[in-house]
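Just entry.tsv here, TSV, C-alpha atoms:
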```tsv
chain	number	residue	atom	x	y	z
A	1	MET	CA	44.98	78.82	-104.00
A	2	ARG	CA	47.60	79.72	-106.58
A	3	GLN	CA	45.55	77.93	-109.21
A	4	LEU	CA	42.56	80.10	-108.35
A	5	GLN	CA	44.67	83.25	-108.53
A	6	ARG	CA	45.94	82.30	-111.94
A	7	THR	CA	42.44	81.64	-113.20
A	8	LEU	CA	41.27	85.00	-111.91
A	9	ILE	CA	44.17	86.88	-113.51
A	10	PHE	CA	43.65	85.05	-116.79
A	11	THR	CA	39.94	85.90	-116.79
A	12	PHE	CA	40.66	89.54	-116.08
A	13	ILE	CA	43.20	89.85	-118.87
A	14	SER	CA	41.01	88.12	-121.41
A	15	LEU	CA	38.09	90.36	-120.45
A	16	CYS	CA	40.24	93.44	-121.03
A	17	LEU	CA	41.38	92.14	-124.41
A	18	LEU	CA	37.90	91.10	-125.49
A	19	SER	CA	36.33	94.43	-124.71
A	20	GLN	CA	38.87	96.44	-126.66
A	21	PRO	CA	37.67	96.27	-130.27
A	22	GLY	CA	34.27	97.73	-129.38
A	23	PHE	CA	35.79	101.09	-128.64
A	24	ALA	CA	36.83	103.60	-131.19
A	25	ASN	CA	39.71	104.75	-129.11
A	26	SER	CA	42.23	104.87	-131.92
A	27	SER	CA	41.40	108.50	-132.51
A	28	ALA	CA	40.73	109.53	-128.93
A	29	SER	CA	44.03	110.75	-127.64
A	30	GLY	CA	45.84	108.78	-125.01
A	31	ALA	CA	42.89	106.49	-124.50
A	32	ALA	CA	44.31	103.83	-122.29
A	33	PRO	CA	43.28	100.27	-123.14
A	34	THR	CA	41.65	99.97	-119.74
A	35	ARG	CA	38.83	102.37	-120.65
A	36	VAL	CA	36.20	99.68	-120.52
A	37	VAL	CA	33.38	100.78	-118.27
A	38	VAL	CA	31.43	104.01	-118.07
A	39	GLU	CA	32.89	106.21	-115.42
A	40	PRO	CA	31.47	109.50	-114.27
A	41	SER	CA	34.95	110.99	-114.53
A	42	PHE	CA	37.34	110.86	-117.42
A	43	SER	CA	40.17	109.61	-115.25
A	44	LEU	CA	40.44	106.33	-117.11
A	45	GLN	CA	41.97	108.14	-120.05
A	46	THR	CA	45.35	108.24	-118.46
A	47	ALA	CA	47.32	105.55	-116.76
A	48	ASN	CA	50.25	107.61	-115.50
A	49	ASP	CA	51.52	111.13	-115.02
A	50	LYS	CA	53.34	111.17	-118.32
A	51	GLU	CA	50.16	110.50	-120.28
A	52	MET	CA	48.34	113.10	-118.24
A	53	GLU	CA	50.98	115.66	-119.10
A	54	LYS	CA	50.64	114.90	-122.80
A	55	LEU	CA	46.87	115.12	-122.62
A	56	LEU	CA	46.90	118.48	-120.88
A	57	LYS	CA	49.37	119.80	-123.43
A	58	GLU	CA	47.11	118.74	-126.28
A	59	ASN	CA	44.07	120.36	-124.69
A	60	LYS	CA	45.91	123.59	-124.07
A	61	ARG	CA	46.79	123.73	-127.76
A	62	CYS	CA	43.08	123.61	-128.61
A	63	ILE	CA	42.10	126.28	-126.16
A	64	ARG	CA	44.89	128.58	-127.19
A	65	CYS	CA	43.11	129.30	-130.48
A	66	HIS	CA	39.51	128.38	-129.76
A	67	LYS	CA	39.04	130.58	-126.69
A	68	VAL	CA	38.25	133.38	-129.14
A	69	LYS	CA	35.97	133.38	-132.15
A	70	ARG	CA	37.56	132.00	-135.30
A	71	LYS	CA	36.59	134.61	-137.84
A	72	LEU	CA	37.76	132.89	-141.00
A	73	LYS	CA	35.35	129.96	-140.70
A	74	ASN	CA	32.96	131.77	-138.37
A	75	ILE	CA	33.36	129.36	-135.47
A	76	ALA	CA	32.19	130.73	-132.13
A	77	ALA	CA	34.55	130.86	-129.18
A	78	MET	CA	34.56	127.49	-127.43
A	79	LYS	CA	33.84	127.13	-123.79
A	80	MET	CA	33.43	123.63	-122.51
A	81	GLN	CA	30.39	123.51	-120.29
A	82	GLY	CA	27.79	121.03	-119.15
A	83	ALA	CA	28.22	117.42	-118.19
A	84	HIS	CA	31.32	116.85	-120.31
A	85	ALA	CA	33.39	119.73	-118.91
A	86	SER	CA	36.43	118.75	-116.93
A	87	GLU	CA	38.72	121.15	-115.15
A	88	GLU	CA	41.06	118.35	-114.26
A	89	PHE	CA	41.75	117.67	-117.92
A	90	TYR	CA	41.75	121.29	-119.00
A	91	ASN	CA	38.42	121.09	-120.83
A	92	ASN	CA	39.14	117.64	-122.16
A	93	CYS	CA	38.75	118.50	-125.87
A	94	THR	CA	40.76	115.55	-127.09
A	95	ALA	CA	38.60	112.94	-125.38
A	96	CYS	CA	35.95	113.53	-128.05
A	97	HIS	CA	37.70	115.41	-130.86
A	98	GLY	CA	40.89	113.39	-130.94
A	99	ASP	CA	44.43	114.73	-131.18
A	100	LYS	CA	45.05	117.99	-132.97
A	101	GLY	CA	47.36	116.39	-135.51
A	102	LYS	CA	47.70	118.60	-138.61
A	103	HIS	CA	44.66	120.71	-137.73
A	104	PRO	CA	43.86	123.36	-138.94
A	105	LYS	CA	45.78	122.38	-142.08
A	106	ASN	CA	44.24	120.15	-144.72
A	107	GLY	CA	44.13	116.45	-144.08
A	108	SER	CA	43.74	116.75	-140.34
A	109	THR	CA	42.37	113.79	-138.46
A	110	ILE	CA	40.41	115.87	-135.99
A	111	ILE	CA	36.89	114.65	-135.31
A	112	ASN	CA	34.17	117.17	-136.05
A	113	PHE	CA	30.63	116.60	-134.83
A	114	SER	CA	28.00	117.89	-137.24
A	115	VAL	CA	25.97	116.96	-140.29
A	116	GLN	CA	28.41	118.79	-142.58
A	117	SER	CA	31.44	117.25	-140.91
A	118	PRO	CA	33.97	115.40	-143.07
A	119	THR	CA	34.23	112.84	-140.26
A	120	PRO	CA	32.14	109.78	-141.17
A	121	LEU	CA	28.92	109.32	-139.24
A	122	LYS	CA	30.09	106.02	-137.81
A	123	GLN	CA	33.23	107.57	-136.37
A	124	GLN	CA	31.36	110.56	-134.93
A	125	ASN	CA	28.86	108.40	-133.10
A	126	GLY	CA	31.56	105.91	-132.21
A	127	GLN	CA	33.14	108.59	-130.03
A	128	CYS	CA	29.94	108.86	-127.97
A	129	ILE	CA	29.29	105.14	-127.76
A	130	ALA	CA	32.82	104.61	-126.41
A	131	CYS	CA	31.52	105.74	-123.04
A	132	HIS	CA	27.72	105.62	-123.32
A	133	THR	CA	26.71	101.98	-123.49
A	134	PRO	CA	23.79	100.78	-125.65
A	135	ALA	CA	21.94	99.63	-122.54
A	136	GLU	CA	22.32	103.01	-120.91
A	137	LEU	CA	21.18	104.80	-124.07
A	138	ARG	CA	18.15	102.54	-124.46
A	139	GLN	CA	17.12	103.10	-120.89
A	140	ALA	CA	17.37	106.86	-121.26
A	141	GLU	CA	15.43	106.97	-124.54
A	142	TRP	CA	14.34	104.12	-126.77
A	143	THR	CA	14.73	106.19	-129.93
A	144	HIS	CA	18.54	105.90	-129.58
A	145	ASP	CA	18.13	102.34	-130.83
A	146	VAL	CA	16.56	103.36	-134.11
A	147	HIS	CA	18.55	106.51	-134.86
A	148	TYR	CA	22.10	105.54	-133.97
A	149	LYS	CA	23.06	104.36	-137.45
A	150	LYS	CA	21.07	106.99	-139.29
A	151	ILE	CA	21.86	110.38	-137.79
A	152	ASN	CA	24.73	111.78	-135.78
A	153	CYS	CA	24.29	112.27	-132.04
A	154	SER	CA	25.05	115.97	-132.46
A	155	SER	CA	21.85	116.38	-134.50
A	156	CYS	CA	20.02	116.38	-131.20
A	157	HIS	CA	22.69	116.77	-128.53
A	158	GLN	CA	24.83	119.85	-127.95
A	159	LEU	CA	27.68	119.53	-125.49
A	160	HIS	CA	29.14	123.03	-125.67
A	161	GLU	CA	26.00	124.44	-124.03
A	162	PRO	CA	25.54	124.78	-120.26
A	163	VAL	CA	22.69	122.28	-120.50
A	164	ASP	CA	22.10	119.90	-123.41
A	165	PRO	CA	18.92	121.37	-124.96
A	166	VAL	CA	17.39	117.97	-125.68
A	167	ILE	CA	17.57	116.75	-122.09
A	168	ASN	CA	14.37	117.00	-120.04
A	169	ILE	CA	12.24	118.43	-122.83
A	170	ASN	CA	8.52	118.04	-122.25
A	171	ARG	CA	6.27	115.58	-124.07
A	172	THR	CA	4.94	118.07	-126.59
A	173	ALA	CA	8.42	119.27	-127.53
A	174	ARG	CA	9.56	115.68	-127.87
A	175	ILE	CA	6.73	114.80	-130.24
A	176	LYS	CA	7.49	117.94	-132.23
A	177	LEU	CA	11.06	116.73	-132.64
A	178	CYS	CA	9.77	113.49	-134.18
A	179	ILE	CA	7.39	115.31	-136.49
A	180	ASP	CA	10.00	117.85	-137.63
A	181	CYS	CA	12.01	115.13	-139.36
A	182	HIS	CA	9.44	112.43	-140.05
A	183	SER	CA	6.71	114.52	-141.68
A	184	SER	CA	5.94	113.49	-145.21
A	185	VAL	CA	4.57	115.95	-147.71
A	186	ASP	CA	1.38	113.98	-148.33
A	187	LYS	CA	-1.90	115.12	-146.89
A	188	PRO	CA	-3.66	112.98	-144.29
A	189	GLN	CA	-5.41	110.11	-145.98
A	190	GLY	CA	-9.06	109.35	-145.73
A	191	ASP	CA	-12.33	110.99	-146.48
A	192	GLN	CA	-15.54	111.91	-144.81
B	1	MET	CA	-18.79	88.81	-99.88
B	2	GLU	CA	-19.18	86.77	-103.06
B	3	HIS	CA	-22.84	86.13	-102.36
B	4	SER	CA	-23.77	89.67	-101.51
B	5	ARG	CA	-22.03	91.08	-104.57
B	6	ARG	CA	-23.68	88.56	-106.86
B	7	LYS	CA	-27.08	89.31	-105.41
B	8	PHE	CA	-26.44	93.01	-105.71
B	9	LEU	CA	-25.40	92.78	-109.35
B	10	ALA	CA	-28.31	90.54	-110.26
B	11	GLY	CA	-30.70	92.91	-108.56
B	12	LEU	CA	-29.07	95.90	-110.24
B	13	ALA	CA	-29.27	94.33	-113.67
B	14	ALA	CA	-32.89	93.33	-113.21
B	15	THR	CA	-33.83	96.80	-112.02
B	16	THR	CA	-32.03	98.61	-114.80
B	17	MET	CA	-33.46	96.27	-117.44
B	18	PHE	CA	-36.94	96.83	-116.17
B	19	ALA	CA	-36.41	100.56	-115.95
B	20	THR	CA	-34.94	100.84	-119.44
B	21	VAL	CA	-37.54	98.74	-121.16
B	22	GLY	CA	-40.20	100.66	-119.32
B	23	VAL	CA	-38.85	104.12	-120.02
B	24	ALA	CA	-37.05	104.09	-123.32
B	25	GLY	CA	-38.52	101.01	-124.93
B	26	THR	CA	-35.15	99.68	-126.13
B	27	THR	CA	-34.32	96.04	-126.16
B	28	VAL	CA	-31.42	94.79	-124.14
B	29	ILE	CA	-29.68	93.18	-127.08
B	30	GLN	CA	-29.82	95.51	-130.00
B	31	THR	CA	-29.93	94.37	-133.56
B	32	ILE	CA	-29.18	97.23	-135.85
B	33	THR	CA	-28.56	97.80	-139.50
B	34	VAL	CA	-26.14	100.49	-140.51
B	35	ASP	CA	-27.68	102.12	-143.54
B	36	GLY	CA	-25.37	105.09	-144.04
B	37	LYS	CA	-21.62	105.03	-143.89
B	38	ARG	CA	-19.45	102.35	-142.36
B	39	TYR	CA	-16.43	104.18	-141.00
B	40	ALA	CA	-13.27	102.19	-140.45
B	41	MET	CA	-9.57	102.81	-139.98
B	42	ILE	CA	-6.25	101.35	-141.08
B	43	HIS	CA	-3.17	101.55	-138.90
B	44	ASP	CA	-0.15	100.94	-141.08
B	45	GLU	CA	2.36	99.48	-138.64
B	46	THR	CA	5.09	99.64	-141.25
B	47	LEU	CA	4.76	103.44	-141.38
B	48	CYS	CA	4.15	104.15	-137.69
B	49	ILE	CA	7.18	105.62	-135.92
B	50	GLY	CA	5.72	105.52	-132.41
B	51	CYS	CA	5.85	109.28	-131.86
B	52	GLU	CA	2.48	109.30	-130.07
B	53	ALA	CA	1.40	112.55	-131.70
B	54	CYS	CA	-1.96	110.81	-132.22
B	55	VAL	CA	-2.27	110.09	-128.51
B	56	ASP	CA	-1.83	113.74	-127.58
B	57	ALA	CA	-4.03	115.03	-130.40
B	58	CYS	CA	-6.82	112.70	-129.28
B	59	ARG	CA	-6.55	113.85	-125.69
B	60	GLU	CA	-6.64	117.50	-126.69
B	61	THR	CA	-9.44	117.26	-129.24
B	62	ASN	CA	-11.76	115.10	-127.19
B	63	ASN	CA	-10.88	116.62	-123.83
B	64	VAL	CA	-9.87	113.27	-122.36
B	65	PRO	CA	-8.88	113.66	-118.68
B	66	GLU	CA	-5.44	112.65	-117.42
B	67	GLY	CA	-5.21	109.11	-116.14
B	68	VAL	CA	-7.40	107.60	-118.85
B	69	SER	CA	-6.94	107.43	-122.61
B	70	ARG	CA	-8.94	106.59	-125.70
B	71	LEU	CA	-5.86	105.79	-127.69
B	72	GLU	CA	-2.52	104.26	-126.82
B	73	ILE	CA	0.43	103.23	-128.92
B	74	ILE	CA	1.99	100.13	-127.42
B	75	ARG	CA	5.68	99.75	-128.17
B	76	SER	CA	7.07	96.24	-128.38
B	77	GLU	CA	10.25	95.05	-126.78
B	78	PRO	CA	13.28	95.81	-128.96
B	79	ARG	CA	13.75	93.40	-131.83
B	80	GLY	CA	17.40	92.65	-132.54
B	81	GLU	CA	20.53	94.04	-130.98
B	82	PHE	CA	21.90	97.55	-130.92
B	83	PRO	CA	22.52	99.28	-133.30
B	84	ASP	CA	20.11	97.27	-135.44
B	85	ALA	CA	17.31	97.05	-132.89
B	86	ASP	CA	13.87	98.28	-133.85
B	87	TYR	CA	10.37	98.29	-132.44
B	88	LYS	CA	6.85	97.34	-133.40
B	89	PHE	CA	3.94	99.64	-132.64
B	90	PHE	CA	0.40	98.57	-131.88
B	91	ARG	CA	-2.57	100.93	-131.77
B	92	LYS	CA	-4.80	100.21	-128.78
B	93	SER	CA	-8.16	101.87	-129.29
B	94	CYS	CA	-11.79	101.03	-130.06
B	95	GLN	CA	-12.13	98.69	-133.06
B	96	HIS	CA	-15.71	99.78	-133.76
B	97	CYS	CA	-16.89	96.18	-134.04
B	98	GLU	CA	-19.95	95.55	-136.17
B	99	ASP	CA	-21.07	92.94	-133.65
B	100	ALA	CA	-19.88	94.81	-130.58
B	101	PRO	CA	-19.95	92.90	-127.27
B	102	CYS	CA	-19.96	96.18	-125.34
B	103	VAL	CA	-23.19	97.20	-127.04
B	104	ASN	CA	-24.73	93.77	-126.58
B	105	VAL	CA	-24.16	93.70	-122.82
B	106	CYS	CA	-25.14	97.29	-122.04
B	107	PRO	CA	-28.25	97.11	-119.83
B	108	THR	CA	-29.32	100.71	-120.42
B	109	GLY	CA	-28.73	101.14	-124.12
B	110	ALA	CA	-26.06	103.73	-123.41
B	111	SER	CA	-23.62	101.85	-125.62
B	112	PHE	CA	-24.86	101.96	-129.15
B	113	ILE	CA	-23.84	101.69	-132.77
B	114	ASP	CA	-24.63	104.87	-134.64
B	115	THR	CA	-26.74	103.82	-137.61
B	116	GLU	CA	-25.53	106.67	-139.81
B	117	THR	CA	-21.82	106.02	-139.41
B	118	GLY	CA	-21.42	102.56	-137.93
B	119	ILE	CA	-19.44	104.11	-135.08
B	120	VAL	CA	-19.73	102.47	-131.66
B	121	ASP	CA	-20.44	105.23	-129.18
B	122	VAL	CA	-21.64	105.88	-125.63
B	123	ASP	CA	-24.45	108.15	-124.47
B	124	PRO	CA	-23.10	109.49	-121.16
B	125	ASP	CA	-26.59	110.49	-119.99
B	126	ARG	CA	-27.78	106.92	-120.20
B	127	CYS	CA	-24.69	105.22	-118.79
B	128	VAL	CA	-25.03	104.10	-115.18
B	129	GLY	CA	-21.39	103.10	-114.87
B	130	CYS	CA	-22.04	99.39	-114.31
B	131	MET	CA	-18.86	98.57	-116.24
B	132	TYR	CA	-20.35	95.54	-118.03
B	133	CYS	CA	-19.01	96.95	-121.29
B	134	ILE	CA	-15.52	97.29	-119.85
B	135	ALA	CA	-15.58	93.63	-118.88
B	136	ALA	CA	-17.08	92.56	-122.20
B	137	CYS	CA	-14.71	94.42	-124.52
B	138	PRO	CA	-12.10	91.94	-125.81
B	139	TYR	CA	-9.80	94.81	-126.71
B	140	LYS	CA	-9.80	96.42	-123.26
B	141	VAL	CA	-10.22	99.92	-124.61
B	142	ARG	CA	-13.04	101.24	-122.42
B	143	TYR	CA	-12.71	103.24	-119.22
B	144	ILE	CA	-14.89	105.16	-116.81
B	145	ASP	CA	-14.41	108.87	-117.36
B	146	PRO	CA	-13.40	110.29	-113.97
B	147	VAL	CA	-15.32	113.50	-114.69
B	148	THR	CA	-18.61	112.32	-116.21
B	149	LYS	CA	-18.53	108.90	-114.46
B	150	SER	CA	-19.71	107.42	-117.74
B	151	ALA	CA	-18.03	104.68	-119.76
B	152	ASP	CA	-16.10	106.18	-122.64
B	153	LYS	CA	-13.72	105.34	-125.48
B	154	CYS	CA	-12.67	106.32	-129.00
B	155	ASP	CA	-15.60	107.46	-131.13
B	156	PHE	CA	-13.58	108.30	-134.27
B	157	CYS	CA	-14.06	111.92	-133.11
B	158	ARG	CA	-17.74	111.60	-134.01
B	159	LYS	CA	-18.78	114.39	-131.66
B	160	THR	CA	-15.78	116.64	-132.36
B	161	ASN	CA	-13.82	116.59	-135.61
B	162	LEU	CA	-16.24	114.46	-137.62
B	163	ALA	CA	-19.11	116.75	-136.65
B	164	LYS	CA	-17.09	119.65	-138.07
B	165	GLY	CA	-16.47	117.78	-141.29
B	166	GLN	CA	-12.85	116.97	-140.46
B	167	LEU	CA	-10.90	113.75	-140.19
B	168	PRO	CA	-10.33	112.26	-136.72
B	169	ALA	CA	-7.61	114.10	-134.78
B	170	CYS	CA	-5.18	111.16	-134.81
B	171	VAL	CA	-5.41	110.88	-138.61
B	172	GLN	CA	-4.91	114.61	-139.09
B	173	VAL	CA	-1.84	114.79	-136.93
B	174	CYS	CA	-0.01	111.60	-137.99
B	175	PRO	CA	3.27	112.76	-139.58
B	176	THR	CA	3.82	109.59	-141.60
B	177	GLN	CA	0.23	109.01	-142.78
B	178	ALA	CA	0.18	105.71	-140.96
B	179	LEU	CA	-3.54	106.15	-140.27
B	180	ILE	CA	-6.18	106.00	-142.98
B	181	PHE	CA	-9.80	106.71	-142.19
B	182	GLY	CA	-12.84	106.31	-144.39
B	183	ASP	CA	-16.10	104.73	-145.44
B	184	LEU	CA	-16.08	101.02	-146.26
B	185	ASN	CA	-19.29	101.45	-148.26
B	186	ASP	CA	-17.58	103.83	-150.69
B	187	PRO	CA	-15.51	101.84	-153.20
B	188	ASN	CA	-13.57	104.96	-154.18
B	189	SER	CA	-12.52	105.91	-150.65
B	190	ASP	CA	-8.84	105.92	-149.66
B	191	ILE	CA	-9.47	103.20	-147.15
B	192	VAL	CA	-11.08	100.77	-149.59
B	193	GLN	CA	-8.36	101.49	-152.16
B	194	THR	CA	-5.66	100.79	-149.56
B	195	LEU	CA	-7.40	97.65	-148.32
B	196	GLN	CA	-7.26	96.32	-151.86
B	197	GLN	CA	-3.55	97.06	-152.18
B	198	LYS	CA	-2.08	96.17	-148.82
B	199	THR	CA	-2.08	93.04	-146.72
B	200	VAL	CA	-3.99	93.69	-143.52
B	201	TYR	CA	-4.94	91.83	-140.38
B	202	ARG	CA	-7.47	92.45	-137.65
B	203	TYR	CA	-6.66	91.83	-134.02
B	204	LYS	CA	-8.73	89.06	-132.37
B	205	LYS	CA	-10.75	88.65	-135.55
B	206	HIS	CA	-11.51	85.05	-134.54
B	207	LEU	CA	-13.81	86.28	-131.77
B	208	GLY	CA	-16.32	87.17	-134.44
B	209	THR	CA	-16.96	90.73	-133.31
B	210	LYS	CA	-16.21	92.01	-136.83
B	211	PRO	CA	-13.74	94.73	-135.82
B	212	LYS	CA	-13.30	97.63	-138.24
B	213	MET	CA	-9.72	98.48	-137.28
B	214	PHE	CA	-7.42	97.11	-139.95
B	215	ARG	CA	-3.67	96.88	-139.47
B	216	VAL	CA	-0.86	96.56	-141.97
B	217	PRO	CA	1.55	94.19	-140.23
B	218	ASP	CA	5.17	95.15	-139.67
B	219	LEU	CA	6.72	91.84	-140.57
B	220	LYS	CA	10.36	92.63	-139.95
B	221	GLY	CA	12.00	89.70	-138.21
B	222	GLU	CA	9.45	87.25	-139.63
B	223	ILE	CA	10.37	84.34	-141.87
B	224	GLU	CA	11.79	85.73	-145.09
B	225	LEU	CA	10.34	84.51	-148.33
```
As a first step, turn the structure in this file into structure tokens.
Amino acid sequence: MRQLQRTLIFTFISLCLLSQPGFANSSASGAAPTRVVVEPSFSLQTANDKEMEKLLKENKRCIRCHKVKRKLKNIAAMKMQGAHASEEFYNNCTACHGDKGKHPKNGSTIINFSVQSPTPLKQQNGQCIACHTPAELRQAEWTHDVHYKKINCSSCHQLHEPVDPVININRTARIKLCIDCHSSVDKPQGDQ
Amino acid sequence: MEHSRRKFLAGLAATTMFATVGVAGTTVIQTITVDGKRYAMIHDETLCIGCEACVDACRETNNVPEGVSRLEIIRSEPRGEFPDADYKFFRKSCQHCEDAPCVNVCPTGASFIDTETGIVDVDPDRCVGCMYCIAACPYKVRYIDPVTKSADKCDFCRKTNLAKGQLPACVQVCPTQALIFGDLNDPNSDIVQTLQQKTVYRYKKHLGTKPKMFRVPDLKGEIEL
């Protein structure tokens, strides 16, 4: 019996350790090492009350400035909405954007999601893939497979909107999305 | 059940044959010579992105009812693992065979090869819906139109875009120019030029139906040379 218990504990620990490197949690604040599986809530970010306190403090720092429009860089007022909003975590900014660090001063480590972002593409998308598994993404839409390394998720997905505009689009709109990027300048080939 | 159906089909075939020969004077097995153009198509699988714009354009242009389709893009299972996985795309549509089994089996002469263009087409007024052609087609691209009750399939937009002097709808709409359409008898046509430059294959070529749908193979994942 004890032997069996030991084996089980050993397996569990090794599983936890093995699954760690696949997650870009170095930048996500307070990401506990146990954040292994996709959970509908973000509760796996914190292991104890102390971490929770720190996380809330970080998020409040973001909101303090970003609740109004930032005029200098023309950034609209932020309001976390949609599937990623979390009242429990006070909007949960840090889960995706990382800790505030030096931001807004130069050399900040904050993660910015856009084409113009100084954050490398791999790191931007790594934030999404930390929770959304490849299998889940493939099932939702096969094109995830072929675009993941080429464009950032935010090219199609917008999380600060009440509803992500790319979700549940109709067939025609979906095809138009393909054509918008993939069109070449050449005329159709062939002749009558 | 088996007996009655067989008898019924045999009787049906005999009746229709008799009727056709009597009325229209066509032979059951047609031997034709295409003296005008010989239209064909290339699907470049290395360029295709699987967007299915062609599928929708075809449906719209040719007024194809829901539930059936003249053109499908079949996506393969993913090749490789995320994030390096990719897909192969296969165009499923009429190959416009020069020796078309669907034409050969048609008891009424409804299935025919247009002598001016080499396009395999169906005359809905002549079709009795016996579905011999559907069974005979090795490419499984024919269907019974739920509205006209006639067999139907891709006709390279012969009655729509081609009649207006335009390219087939799928070719027009393809964003990556993965489809090339043209006349095999014209040595200066885009299609002949491309056929001379690119490696192509034809699906089920060994059946000897002489299909005119050429494909540039997407060889990713094959043995590297």
(request) For Leu71 (chain B), work out the shell of residues within 6 Å, counting all atoms listed in the file and skipping chain neighbours fewer than 4 positions away, then give it as a PyMOL selection string. (result) chain B and resi 55+92-93
(request) Find the spatial neighbours of region 71-78 of chain A, counting all atoms listed in the file, within a cut-off of 12 Å - ignore same-chain residues fewer than 6 positions away - and output them as a PyMOL selection string. (result) chain A and resi 62-65+85+91+93+104+159-162
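Proximity to Asp183 (chain B) at 10 Å, evaluated using all atoms listed in the file and with sequence-adjacent residues fewer than 6 positions away removed, yields Gly190, Asp191 and Gln192 of chain A; Gly36, Lys37, Arg38, Tyr39, Ala40, Met41, Thr117, Gly118, Ser189, Asp190, Ile191 and Val192 of chain B.
In this model, the gap between CA of Phe89 (chain A) and CA of Leu56 (chain A) comes to 6.0 Å.
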Any idea which chain B residues end up within 8 Å of chain A if we count only C-alpha atoms, as a JSON list (two decimals) with C-alpha atoms, in the frame of the given file please?
```json
[["chain", "number", "residue", "atom", "x", "y", "z"],
["B", 51, "CYS", "CA", 5.85, 109.28, -131.86],
["B", 52, "GLU", "CA", 2.48, 109.30, -130.07],
["B", 53, "ALA", "CA", 1.40, 112.55, -131.70],
["B", 82, "PHE", "CA", 21.90, 97.55, -130.92],
["B", 83, "PRO", "CA", 22.52, 99.28, -133.30],
["B", 84, "ASP", "CA", 20.11, 97.27, -135.44],
["B", 85, "ALA", "CA", 17.31, 97.05, -132.89],
["B", 86, "ASP", "CA", 13.87, 98.28, -133.85],
["B", 162, "LEU", "CA", -16.24, 114.46, -137.62],
["B", 165, "GLY", "CA", -16.47, 117.78, -141.29],
["B", 166, "GLN", "CA", -12.85, 116.97, -140.46],
["B", 167, "LEU", "CA", -10.90, 113.75, -140.19],
["B", 171, "VAL", "CA", -5.41, 110.88, -138.61],
["B", 172, "GLN", "CA", -4.91, 114.61, -139.09],
["B", 173, "VAL", "CA", -1.84, 114.79, -136.93],
["B", 174, "CYS", "CA", -0.01, 111.60, -137.99],
["B", 175, "PRO", "CA", 3.27, 112.76, -139.58],
["B", 176, "THR", "CA", 3.82, 109.59, -141.60],
["B", 177, "GLN", "CA", 0.23, 109.01, -142.78],
["B", 179, "LEU", "CA", -3.54, 106.15, -140.27],
["B", 180, "ILE", "CA", -6.18, 106.00, -142.98],
["B", 181, "PHE", "CA", -9.80, 106.71, -142.19],
["B", 182, "GLY", "CA", -12.84, 106.31, -144.39],
["B", 183, "ASP", "CA", -16.10, 104.73, -145.44],
["B", 189, "SER", "CA", -12.52, 105.91, -150.65],
["B", 190, "ASP", "CA", -8.84, 105.92, -149.66],
["B", 191, "ILE", "CA", -9.47, 103.20, -147.15]]
```
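Using all atoms listed in the file for every distance, the candidate list B:Lys220, B:Arg158, B:Lys204, B:Arg5 yields B:Lys204 as the residue closest to Lys140 (chain B).
Interatomic distance, CA of Lys164 (chain B) against CA of Arg202 (chain B): 28.9 Å.
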Which residues come within 9 Å of Phe214 (chain B), counting all atoms listed in the file, excluding same-chain residues fewer than 5 positions away, as a compact mmCIF listing (two decimals) with C-alpha atoms, keeping the file's coordinate frame?
```
# COMPACT_ATOMS: atom_id res chain seq x y z
CA ALA B 40 -13.27 102.19 -140.45
CA MET B 41 -9.57 102.81 -139.98
CA ILE B 42 -6.25 101.35 -141.08
CA HIS B 43 -3.17 101.55 -138.90
CA ASP B 44 -0.15 100.94 -141.08
CA GLN B 95 -12.13 98.69 -133.06
CA LEU B 195 -7.40 97.65 -148.32
CA VAL B 200 -3.99 93.69 -143.52
CA TYR B 201 -4.94 91.83 -140.38
CA ARG B 202 -7.47 92.45 -137.65
CA TYR B 203 -6.66 91.83 -134.02
```
(message) Please report the interatomic distance between CA of Thr46 (chain A) and CA of Gly101 (chain A) in Å with one decimal.
(response) 19.0 Å
(message) Can you tell me which residues surround region 124-136 of chain B at a distance of at most 9 Å, considering all atoms listed in the file, apart from same-chain residues fewer than 2 positions away, and format the answer as a list in words?
(response) Leu9, Leu12, Ala13, Thr16, Pro101, Cys102, Val103, Asn104, Val105, Cys106, Pro107, Thr108, Gly109, Ala110, Ser111, Val122, Pro138, Tyr139, Lys140, Val141, Arg142, Tyr143, Ile144, Thr148, Lys149, Ser150, Ala151 and Asp152 of chain B
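Closest approach to Glu58 (chain A) among A:Thr109, A:Asn168, A:Asn92, A:Gln124 is made by A:Asn92 (distances from all atoms listed in the file).
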List every protein, DNA or RNA residue that has at least one atom no more than 9 Å from (-20.4, 106.7, -134.7) in the file's coordinates, counting only C-alpha atoms, and write the result as a CSV table (one decimal) with C-alpha atoms, keeping the file's coordinate frame.
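Below is the file that was written, part25.csv:
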```
chain,number,residue,atom,x,y,z
B,38,ARG,CA,-19.4,102.4,-142.4
B,39,TYR,CA,-16.4,104.2,-141.0
B,96,HIS,CA,-15.7,99.8,-133.8
B,112,PHE,CA,-24.9,102.0,-129.2
B,113,ILE,CA,-23.8,101.7,-132.8
B,114,ASP,CA,-24.6,104.9,-134.6
B,115,THR,CA,-26.7,103.8,-137.6
B,116,GLU,CA,-25.5,106.7,-139.8
B,117,THR,CA,-21.8,106.0,-139.4
B,118,GLY,CA,-21.4,102.6,-137.9
B,119,ILE,CA,-19.4,104.1,-135.1
B,120,VAL,CA,-19.7,102.5,-131.7
B,121,ASP,CA,-20.4,105.2,-129.2
B,155,ASP,CA,-15.6,107.5,-131.1
B,156,PHE,CA,-13.6,108.3,-134.3
B,157,CYS,CA,-14.1,111.9,-133.1
B,158,ARG,CA,-17.7,111.6,-134.0
B,159,LYS,CA,-18.8,114.4,-131.7
```
